[in-house]
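Note sheet for the following structure.
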Amino acid sequence: MNSNLSMETEEDIQIIKEYTLLPILLDMLARDIDHLMIYNNKIIYQYVICQLRDVEQSIYPVLQKLKRSMKQRHISILNTELNTLGVEVEYKVRGYIHHFNMLRGLIKAEIFTMLMSLRGGG
Amino acid sequence: MSKQRERVIFLADCQSFYASVEKVEHPQYKDRPVAVAGDPARRSGIILAACPIAKSYGVTTAERLGEALNKCPDLVIMRPRMQHYIDVSLMITQIYKEYTDLVEIFSIDEQFLDVSGSLRMFGDPTTMAQSIQQKVLKQTGVNVRVGISSNKMLSKIATDIWAKKNKSGIFTLPKSDIEALLWPQPVNKMFGVGSRMTSHFLRLGMHTIGDIARTPLPRLKEQFRARFGKQSNIQAEVMWRTANGLDDSPVTPGTFNTAPKSVGHMITLPKDYIEMDHVNTILLELTEEVCRDCRRKGYMGSVISVSCMCSPYEDPTGFSRQMKMLDPTNNTNIVFEAAKTLFYRYWDTLPVRRIGLTLSNFASDQEYQLTLFEDQIKLRALDKVTDTIKDRFGSMAIIRASSLTTSGQALERSHKIGGHYK
């Protein structure tokens with residue numbers, strides 16, 4: 001247990017990380033589904049779209065759960081900015097402002113790993 | 001008077017930095033040995049970083065690529081991306097700055113943190129180090145090892161000898177434990193002692209760090225003078241202070257903003273250069289880079305140094321010479337003429353493998369000596385225009401015609417940072 005309760009914990013950072021990456025994953029899924037819709041007459045594409053929609057649906061409850069945890073832990077997001085380098089998040093944990101930055105390369109890798117774990121339902 | 005509180009200094013070191021960055025961004029290689037290495041075809045085929053799995057096969061940093069592949073045939077080799085590593089390093093520095101404003105960049109993967117003033121906020125040093133490790137790991141995927149002590153030297157030693165080896169990646173070396181922990185260690189484990197210095201110490205009968213620490217300083221200076229000559233007093237004192245864990249230097253955040261003492265560039269050529277024309281092309285390209293850096297920083301140099309290493313690699317010959325120019329300058333053409341004069345005075349026409357050029361003894365470029373025989377204002381205006389074009393459109397937007405010949409390396413160098421690919 002931390003000697004200082006206001007200090008952010010590993011779980012806090014993990015929550016912020018997931019809460020930052022999941023909306024990016026949702027955007028990517030929506031864009032890819034739109035892209036695949038062009039080939040909707042092909043059965044294999046229909047199957048892939050179905051799978052992607054399942055993944056998409058499984059993300060919303062996870063996001064809701066994260067939001068609840070954030071409320072319980074007094075965490076709030078102040079600002080999220082996507083730029084050429086990656087993503088920058090400004091957030092508050094129990095009254096103290098912190099920053100979470102992630103570069104594009106790692107975002108891509110983390111999202112890929114998340115997608116793998118979400119595949120087949122959350 | 002109140003007793004001065006002991007400082008708490010961290011040395012945070014990123015584990016296998018380049019390889020870790022590549023590994024987290026390529027999850028498919030998670031369980032495979034990965035190394036970042038240069039291009040053997042361009043004579044830079046050495047291992048720049050190896051992941052812990054690769055290291056378990058015996059792959060070491062600075063080893064030749066061929067040797068590494070012999071030890072570990074499954075090794076995944078990745079091309080370096082220096083600009084990306086710099087971005088990640090700067091991001092890690094930003095994370096550290098959330099814990100203290102006193103962060104000193106020691107190298108691309110090592111930073112000193114003076115956390116003496118932040119402990120009240122973050123708890124004890126170990127908890128704080130753990131918090132830093134977690135935050136860096138979550139944001140970058142890089143493992144950080146932290147050595148904790150009361151000064152920079154001891155925290156560096158704590159990281160190198162213990163934190164890098166233990167599971168938690170954190171080690172505290174209190175000053176009171178130096179005698180029990182540090183002194184029994186062999187001399188080659190001491191910071192600043194390489195293989196050659198180790199053999200010197202062994203010949204002096206000093207086998208452990210404690211042997212150095214317990215030798216009275218005047219006696220050590222005497223022994224150094226007998227071995228290295230009159231100028232070695234400072235070196236003896238540095239070694240003695242290191243062994244005793246003495247270091248009063250503060251953690252200085254602006255290390256990289258201090259005025260440079262010299263500006264230089266060096267190139268290892270992809271093949272041996274024999275023709276004068278070819279060598280001149282390289283000298284001109286190096287001069288252009290050095291002078292452009294000086295102009296950007298607002299300095300003119302009055303001392304020029306040229307170094308050269310000739311083939312073969314196993315038994316190289318070469319020289320490093322310097323000379324004073326008439327007036328301080330950062331004009332490419334003037335410096336190039338001086339560089340040629342110096343180079344051809346000492347070159348013995350053997351095939352050139354590596355050339356370096358440095359300007360030093362700086363003066364501000366706001367005040368300069370006008371001469372009767374040169375139109376300085378015109379020359380400076382020309383340099384300014386080319387610099388502006390390069391700044392705006394890239395370093396290859398305007399180049400010397402000689403750089404377009406087969407001997408030119410400017411295009412290749414524009415894709416690199418520190419000799420490795422961006």
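Ligands are numbered from 1 in the order shown, chains are lettered A, B, ... in the order of the structure tokens, and residues start at 1 in each chain.
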Long-range neighbours of Ser118 of chain B as a ChimeraX atom specification, 12 Å cut-off, only C-alpha atoms, 6 positions minimum in chain
/A:7 /B:7-9,96-102,124-125,128-129
Just N, CA, C and O atoms for this one: save the residues we selected as an mmCIF file, in the first residue's frame.
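Output file result37.cif follows:
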data_model
loop_
_atom_site.group_PDB
_atom_site.id
_atom_site.type_symbol
_atom_site.label_atom_id
_atom_site.label_comp_id
_atom_site.auth_asym_id
_atom_site.auth_seq_id
_atom_site.Cartn_x
_atom_site.Cartn_y
_atom_site.Cartn_z
ATOM 1 N N MET A 7 -1.049 9.545 -4.346
ATOM 2 C CA MET A 7 -0.123 9.151 -5.411
ATOM 3 C C MET A 7 -0.811 8.185 -6.366
ATOM 4 O O MET A 7 -1.539 7.294 -5.930
ATOM 5 N N ARG B 7 21.239 14.134 0.288
ATOM 6 C CA ARG B 7 20.473 14.139 -0.959
ATOM 7 C C ARG B 7 20.010 12.722 -1.314
ATOM 8 O O ARG B 7 20.619 11.741 -0.867
ATOM 9 N N VAL B 8 18.956 12.627 -2.106
ATOM 10 C CA VAL B 8 18.531 11.328 -2.634
ATOM 11 C C VAL B 8 18.579 11.435 -4.155
ATOM 12 O O VAL B 8 17.822 12.189 -4.765
ATOM 13 N N ILE B 9 19.522 10.711 -4.739
ATOM 14 C CA ILE B 9 19.726 10.782 -6.188
ATOM 15 C C ILE B 9 19.401 9.424 -6.816
ATOM 16 O O ILE B 9 19.824 8.381 -6.324
ATOM 17 N N TYR B 96 9.836 11.493 -15.956
ATOM 18 C CA TYR B 96 10.646 11.763 -14.767
ATOM 19 C C TYR B 96 10.344 13.157 -14.218
ATOM 20 O O TYR B 96 10.368 13.372 -13.012
ATOM 21 N N LYS B 97 10.070 14.090 -15.131
ATOM 22 C CA LYS B 97 9.826 15.466 -14.697
ATOM 23 C C LYS B 97 8.514 15.610 -13.936
ATOM 24 O O LYS B 97 8.253 16.650 -13.340
ATOM 25 N N GLU B 98 7.668 14.561 -13.977
ATOM 26 C CA GLU B 98 6.469 14.593 -13.143
ATOM 27 C C GLU B 98 6.821 14.320 -11.682
ATOM 28 O O GLU B 98 6.023 14.571 -10.794
ATOM 29 N N TYR B 99 8.002 13.763 -11.467
ATOM 30 C CA TYR B 99 8.424 13.421 -10.109
ATOM 31 C C TYR B 99 9.368 14.466 -9.512
ATOM 32 O O TYR B 99 9.395 14.660 -8.321
ATOM 33 N N THR B 100 10.175 15.080 -10.360
ATOM 34 C CA THR B 100 11.087 16.139 -9.898
ATOM 35 C C THR B 100 11.488 17.002 -11.087
ATOM 36 O O THR B 100 11.563 16.501 -12.219
ATOM 37 N N ASP B 101 11.748 18.275 -10.814
ATOM 38 C CA ASP B 101 12.201 19.129 -11.925
ATOM 39 C C ASP B 101 13.702 18.997 -12.144
ATOM 40 O O ASP B 101 14.233 19.465 -13.135
ATOM 41 N N LEU B 102 14.395 18.330 -11.202
ATOM 42 C CA LEU B 102 15.847 18.167 -11.335
ATOM 43 C C LEU B 102 16.175 16.854 -12.045
ATOM 44 O O LEU B 102 16.433 15.831 -11.417
ATOM 45 N N ASP B 124 8.619 7.038 0.300
ATOM 46 C CA ASP B 124 10.037 6.702 0.407
ATOM 47 C C ASP B 124 10.657 6.483 -0.984
ATOM 48 O O ASP B 124 9.939 6.262 -1.959
ATOM 49 N N PRO B 125 11.999 6.532 -1.084
ATOM 50 C CA PRO B 125 12.647 6.423 -2.397
ATOM 51 C C PRO B 125 12.282 5.160 -3.175
ATOM 52 O O PRO B 125 12.093 5.209 -4.393
ATOM 53 N N MET B 128 8.866 5.438 -4.676
ATOM 54 C CA MET B 128 8.928 6.395 -5.776
ATOM 55 C C MET B 128 9.558 5.748 -7.015
ATOM 56 O O MET B 128 9.079 5.915 -8.137
ATOM 57 N N ALA B 129 10.635 4.986 -6.801
ATOM 58 C CA ALA B 129 11.309 4.310 -7.920
ATOM 59 C C ALA B 129 10.360 3.299 -8.573
ATOM 60 O O ALA B 129 10.314 3.190 -9.802
#
Cut-off 12 Å: closest chain A/chain B atom pairs per residue, using only C-alpha atoms, as a Markdown table:
| residue | atom | partner | partner_atom | distance |
| --- | --- | --- | --- | --- |
| A:Met1 | CA | B:Thr127 | CA | 9.5 |
| A:Asn2 | CA | B:Thr127 | CA | 7.4 |
| A:Ser3 | CA | B:Gly123 | CA | 5.7 |
| A:Asn4 | CA | B:Gly123 | CA | 6.1 |
| A:Leu5 | CA | B:Phe122 | CA | 9.3 |
| A:Ser6 | CA | B:Phe122 | CA | 8.7 |
| A:Met7 | CA | B:Phe122 | CA | 6.4 |
| A:Glu8 | CA | B:Ser131 | CA | 8.0 |
| A:Thr9 | CA | B:Ser131 | CA | 7.1 |
| A:Glu10 | CA | B:Gln134 | CA | 6.0 |
| A:Glu11 | CA | B:Gln134 | CA | 9.6 |
| A:Asp12 | CA | B:Lys135 | CA | 10.0 |
| A:Ile13 | CA | B:Lys135 | CA | 6.9 |
| A:Gln14 | CA | B:Lys138 | CA | 7.0 |
| A:Ile15 | CA | B:Lys138 | CA | 10.5 |
| A:Ile16 | CA | B:Lys138 | CA | 9.9 |
| A:Lys17 | CA | B:Lys138 | CA | 7.5 |
| A:Glu18 | CA | B:Lys138 | CA | 10.3 |
| A:Thr20 | CA | B:Gln139 | CA | 11.3 |
| A:Leu21 | CA | B:Gln139 | CA | 11.5 |
| A:Thr84 | CA | B:Asp87 | CA | 11.8 |
| A:Leu85 | CA | B:Asp87 | CA | 8.5 |
| A:Gly86 | CA | B:Asp87 | CA | 10.7 |
| A:Val87 | CA | B:Gln139 | CA | 10.5 |
| A:Glu88 | CA | B:Gln139 | CA | 10.6 |
| A:Val89 | CA | B:Gln139 | CA | 11.2 |
| A:Tyr96 | CA | B:Glu98 | CA | 10.8 |
| A:Ile97 | CA | B:Glu98 | CA | 9.4 |
| A:His98 | CA | B:Glu98 | CA | 7.3 |
| A:His99 | CA | B:Ile95 | CA | 7.9 |
| A:Phe100 | CA | B:Gln139 | CA | 6.9 |
| A:Asn101 | CA | B:Gln139 | CA | 6.4 |
| A:Met102 | CA | B:Gln139 | CA | 5.6 |
| A:Leu103 | CA | B:Val88 | CA | 7.6 |
| A:Arg104 | CA | B:Glu25 | CA | 9.3 |
| A:Gly105 | CA | B:Glu25 | CA | 5.7 |
| A:Leu106 | CA | B:Glu25 | CA | 5.2 |
| A:Ile107 | CA | B:Glu25 | CA | 8.3 |
| A:Lys108 | CA | B:Glu25 | CA | 7.5 |
| A:Ala109 | CA | B:Glu25 | CA | 5.2 |
| A:Glu110 | CA | B:Glu25 | CA | 8.0 |
| A:Ile111 | CA | B:Glu25 | CA | 10.6 |
| A:Phe112 | CA | B:Pro27 | CA | 8.4 |
| A:Thr113 | CA | B:Pro27 | CA | 7.5 |
| A:Met114 | CA | B:Pro27 | CA | 11.3 |
| A:Met116 | CA | B:Pro27 | CA | 11.1 |
Record the distance separating atom CA of Met239 of chain B and atom CA of Ile161 of chain B, expressed in Å with one decimal.
16.8 Å
DSSP on the backbone: what in segment 111-212 of chain B comes out strand (DSSP E), as JSON, numbers by chain?
{"B": [111, 112, 113, 114, 144, 145, 146, 147, 148, 149, 170, 171, 172]}
Can you write out the residues you just picked, keeping all heavy atoms, as a CSV table (one decimal), in the first residue's frame?
chain,number,residue,atom,x,y,z
B,111,GLN,N,19.3,8.8,-17.1
B,111,GLN,CA,19.0,10.1,-16.5
B,111,GLN,C,19.2,10.1,-15.0
B,111,GLN,O,18.9,9.1,-14.3
B,111,GLN,CB,17.6,10.5,-16.8
B,111,GLN,CG,17.3,11.0,-18.2
B,111,GLN,CD,16.7,10.0,-19.1
B,111,GLN,OE1,16.8,8.8,-18.9
B,111,GLN,NE2,16.0,10.4,-20.1
B,112,PHE,N,19.8,11.2,-14.5
B,112,PHE,CA,19.9,11.4,-13.1
B,112,PHE,C,18.7,12.2,-12.6
B,112,PHE,O,18.3,13.1,-13.2
B,112,PHE,CB,21.1,12.2,-12.7
B,112,PHE,CG,22.4,11.4,-12.8
B,112,PHE,CD1,23.3,11.7,-13.8
B,112,PHE,CD2,22.7,10.4,-11.9
B,112,PHE,CE1,24.5,11.0,-13.9
B,112,PHE,CE2,23.9,9.7,-12.0
B,112,PHE,CZ,24.8,10.0,-13.0
B,113,LEU,N,18.1,11.8,-11.4
B,113,LEU,CA,17.0,12.5,-10.8
B,113,LEU,C,17.4,12.9,-9.4
B,113,LEU,O,17.8,12.0,-8.6
B,113,LEU,CB,15.8,11.6,-10.8
B,113,LEU,CG,15.0,11.4,-12.1
B,113,LEU,CD1,15.7,10.2,-12.9
B,113,LEU,CD2,13.6,10.9,-11.7
B,114,ASP,N,17.3,14.1,-9.1
B,114,ASP,CA,17.5,14.5,-7.7
B,114,ASP,C,16.1,14.6,-7.1
B,114,ASP,O,15.3,15.6,-7.4
B,114,ASP,CB,18.2,15.9,-7.6
B,114,ASP,CG,18.5,16.2,-6.1
B,114,ASP,OD1,17.9,15.7,-5.2
B,114,ASP,OD2,19.4,17.1,-5.9
B,144,VAL,N,12.7,0.0,-16.6
B,144,VAL,CA,13.7,1.0,-16.1
B,144,VAL,C,14.3,0.4,-14.8
B,144,VAL,O,13.6,-0.1,-13.9
B,144,VAL,CB,13.1,2.3,-15.8
B,144,VAL,CG1,14.0,3.2,-15.0
B,144,VAL,CG2,12.6,3.0,-17.0
B,145,ARG,N,15.7,0.5,-14.7
B,145,ARG,CA,16.3,0.1,-13.4
B,145,ARG,C,16.8,1.3,-12.7
B,145,ARG,O,17.3,2.3,-13.4
B,145,ARG,CB,17.5,-0.8,-13.8
B,145,ARG,CG,17.2,-2.3,-14.1
B,145,ARG,CD,16.8,-2.4,-15.5
B,145,ARG,NE,17.9,-2.0,-16.5
B,145,ARG,CZ,18.8,-2.8,-16.9
B,145,ARG,NH1,18.8,-4.1,-16.6
B,145,ARG,NH2,19.7,-2.4,-17.7
B,146,VAL,N,16.6,1.3,-11.4
B,146,VAL,CA,17.0,2.6,-10.7
B,146,VAL,C,18.0,2.3,-9.6
B,146,VAL,O,17.7,1.4,-8.7
B,146,VAL,CB,15.7,3.2,-10.0
B,146,VAL,CG1,16.0,4.5,-9.4
B,146,VAL,CG2,14.6,3.4,-11.1
B,147,GLY,N,19.1,3.0,-9.6
B,147,GLY,CA,20.1,2.9,-8.5
B,147,GLY,C,19.8,4.2,-7.6
B,147,GLY,O,19.7,5.3,-8.1
B,148,ILE,N,19.8,3.9,-6.3
B,148,ILE,CA,19.5,5.0,-5.4
B,148,ILE,C,20.6,5.2,-4.5
B,148,ILE,O,21.1,4.3,-3.9
B,148,ILE,CB,18.2,4.7,-4.6
B,148,ILE,CG1,17.0,4.3,-5.5
B,148,ILE,CG2,17.8,5.9,-3.7
B,148,ILE,CD1,15.8,3.7,-4.8
B,149,SER,N,21.1,6.5,-4.3
B,149,SER,CA,22.1,6.8,-3.3
B,149,SER,C,22.1,8.3,-3.0
B,149,SER,O,21.1,9.0,-3.4
B,149,SER,CB,23.5,6.3,-3.8
B,149,SER,OG,24.4,6.3,-2.8
B,170,ILE,N,15.7,-2.3,-8.7
B,170,ILE,CA,16.0,-1.2,-7.8
B,170,ILE,C,17.0,-1.6,-6.8
B,170,ILE,O,17.0,-2.7,-6.3
B,170,ILE,CB,14.6,-0.8,-7.1
B,170,ILE,CG1,13.6,-0.3,-8.1
B,170,ILE,CG2,14.9,0.3,-6.1
B,170,ILE,CD1,12.2,-0.1,-7.5
B,171,PHE,N,18.0,-0.7,-6.6
B,171,PHE,CA,18.9,-1.0,-5.5
B,171,PHE,C,19.3,0.3,-4.8
B,171,PHE,O,19.6,1.3,-5.5
B,171,PHE,CB,20.2,-1.7,-6.1
B,171,PHE,CG,21.1,-2.2,-5.0
B,171,PHE,CD1,20.9,-3.4,-4.4
B,171,PHE,CD2,22.2,-1.4,-4.6
B,171,PHE,CE1,21.7,-3.9,-3.4
B,171,PHE,CE2,23.0,-1.8,-3.6
B,171,PHE,CZ,22.8,-3.1,-3.0
B,172,THR,N,19.3,0.2,-3.5
B,172,THR,CA,19.7,1.4,-2.7
B,172,THR,C,21.1,1.1,-2.1
B,172,THR,O,21.4,0.1,-1.5
B,172,THR,CB,18.7,1.6,-1.5
B,172,THR,OG1,17.4,1.7,-2.1
B,172,THR,CG2,19.0,2.9,-0.8
Shell of 9 Å around segment 338-352 of chain B, only C-alpha atoms, local chain residues under 6 positions omitted, as number ranges by chain
B: 269, 271-276, 279-280, 283-284, 287, 304-312, 317-323, 325
Determine, counting only C-alpha atoms, which protein, DNA and RNA residues have an atom within 12 Å of an atom of Gln64 of chain A; residues of the same chain fewer than 5 positions away are not included. Present the result as a PyMOL selection string.
chain A and resi 15+18-19+22-23+57-59+69-71
Mind the document's chain letters and residue numbers, and return as a PyMOL selection string the residues of chain A that DSSP labels helix (DSSP H, G or I).
chain A and resi 10-39+43-72+104-118
Pick from A:Leu26, A:Val93, A:Met37, A:Ile43: nearest to Gln72 of chain A, with only C-alpha atoms counted?
A:Val93
Would you mind listing what lies within 12 Å of Arg292 of chain B as a ChimeraX atom specification, with only C-alpha atoms counted and same-chain residues fewer than 6 positions away left out?
/B:263-265,284-286,298-301,329-333,335,359,380,382-391,395
Counting only C-alpha atoms, the residue of B:Ser403, B:Gln409, B:Thr60, B:Ser262 that sits nearest Leu357 of chain B
B:Ser262
Tell me, counting only C-alpha atoms, for each residue of segment 110-169 of chain B within 12 Å of segment 185-188 of chain B, which pair of atoms is nearest and how far apart they are in Å to one decimal, in rows ordered by chain and increasing number, as a tab-separated table.
residue	atom	partner	partner_atom	distance
B:Ile157	CA	B:Gln185	CA	11.0
B:Ala158	CA	B:Gln185	CA	12.0
B:Asp160	CA	B:Asn188	CA	11.6
B:Ile161	CA	B:Gln185	CA	9.0
B:Trp162	CA	B:Gln185	CA	11.2
Take the residues just selected and output them with N, CA, C and O atoms as a PDB file, in the first residue's frame.
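Final output, saved to part.pdb:
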ATOM      1  N   ILE B 157      26.834   3.739  -9.767  1.00  0.00           N
ATOM      2  CA  ILE B 157      27.444   2.463  -9.373  1.00  0.00           C
ATOM      3  C   ILE B 157      26.359   1.484  -8.902  1.00  0.00           C
ATOM      4  O   ILE B 157      26.370   0.304  -9.261  1.00  0.00           O
ATOM      5  N   ALA B 158      25.392   2.001  -8.130  1.00  0.00           N
ATOM      6  CA  ALA B 158      24.297   1.149  -7.635  1.00  0.00           C
ATOM      7  C   ALA B 158      23.514   0.542  -8.794  1.00  0.00           C
ATOM      8  O   ALA B 158      23.112  -0.628  -8.748  1.00  0.00           O
ATOM      9  N   ASP B 160      24.701   0.119 -12.055  1.00  0.00           N
ATOM     10  CA  ASP B 160      25.543  -0.760 -12.871  1.00  0.00           C
ATOM     11  C   ASP B 160      25.850  -2.092 -12.188  1.00  0.00           C
ATOM     12  O   ASP B 160      25.824  -3.143 -12.832  1.00  0.00           O
ATOM     13  N   ILE B 161      26.145  -2.054 -10.901  1.00  0.00           N
ATOM     14  CA  ILE B 161      26.573  -3.299 -10.245  1.00  0.00           C
ATOM     15  C   ILE B 161      25.386  -4.116  -9.726  1.00  0.00           C
ATOM     16  O   ILE B 161      25.374  -5.337  -9.837  1.00  0.00           O
ATOM     17  N   TRP B 162      24.357  -3.448  -9.189  1.00  0.00           N
ATOM     18  CA  TRP B 162      23.289  -4.226  -8.538  1.00  0.00           C
ATOM     19  C   TRP B 162      21.914  -4.115  -9.197  1.00  0.00           C
ATOM     20  O   TRP B 162      21.294  -5.135  -9.451  1.00  0.00           O
TER      21      TRP B 162
END
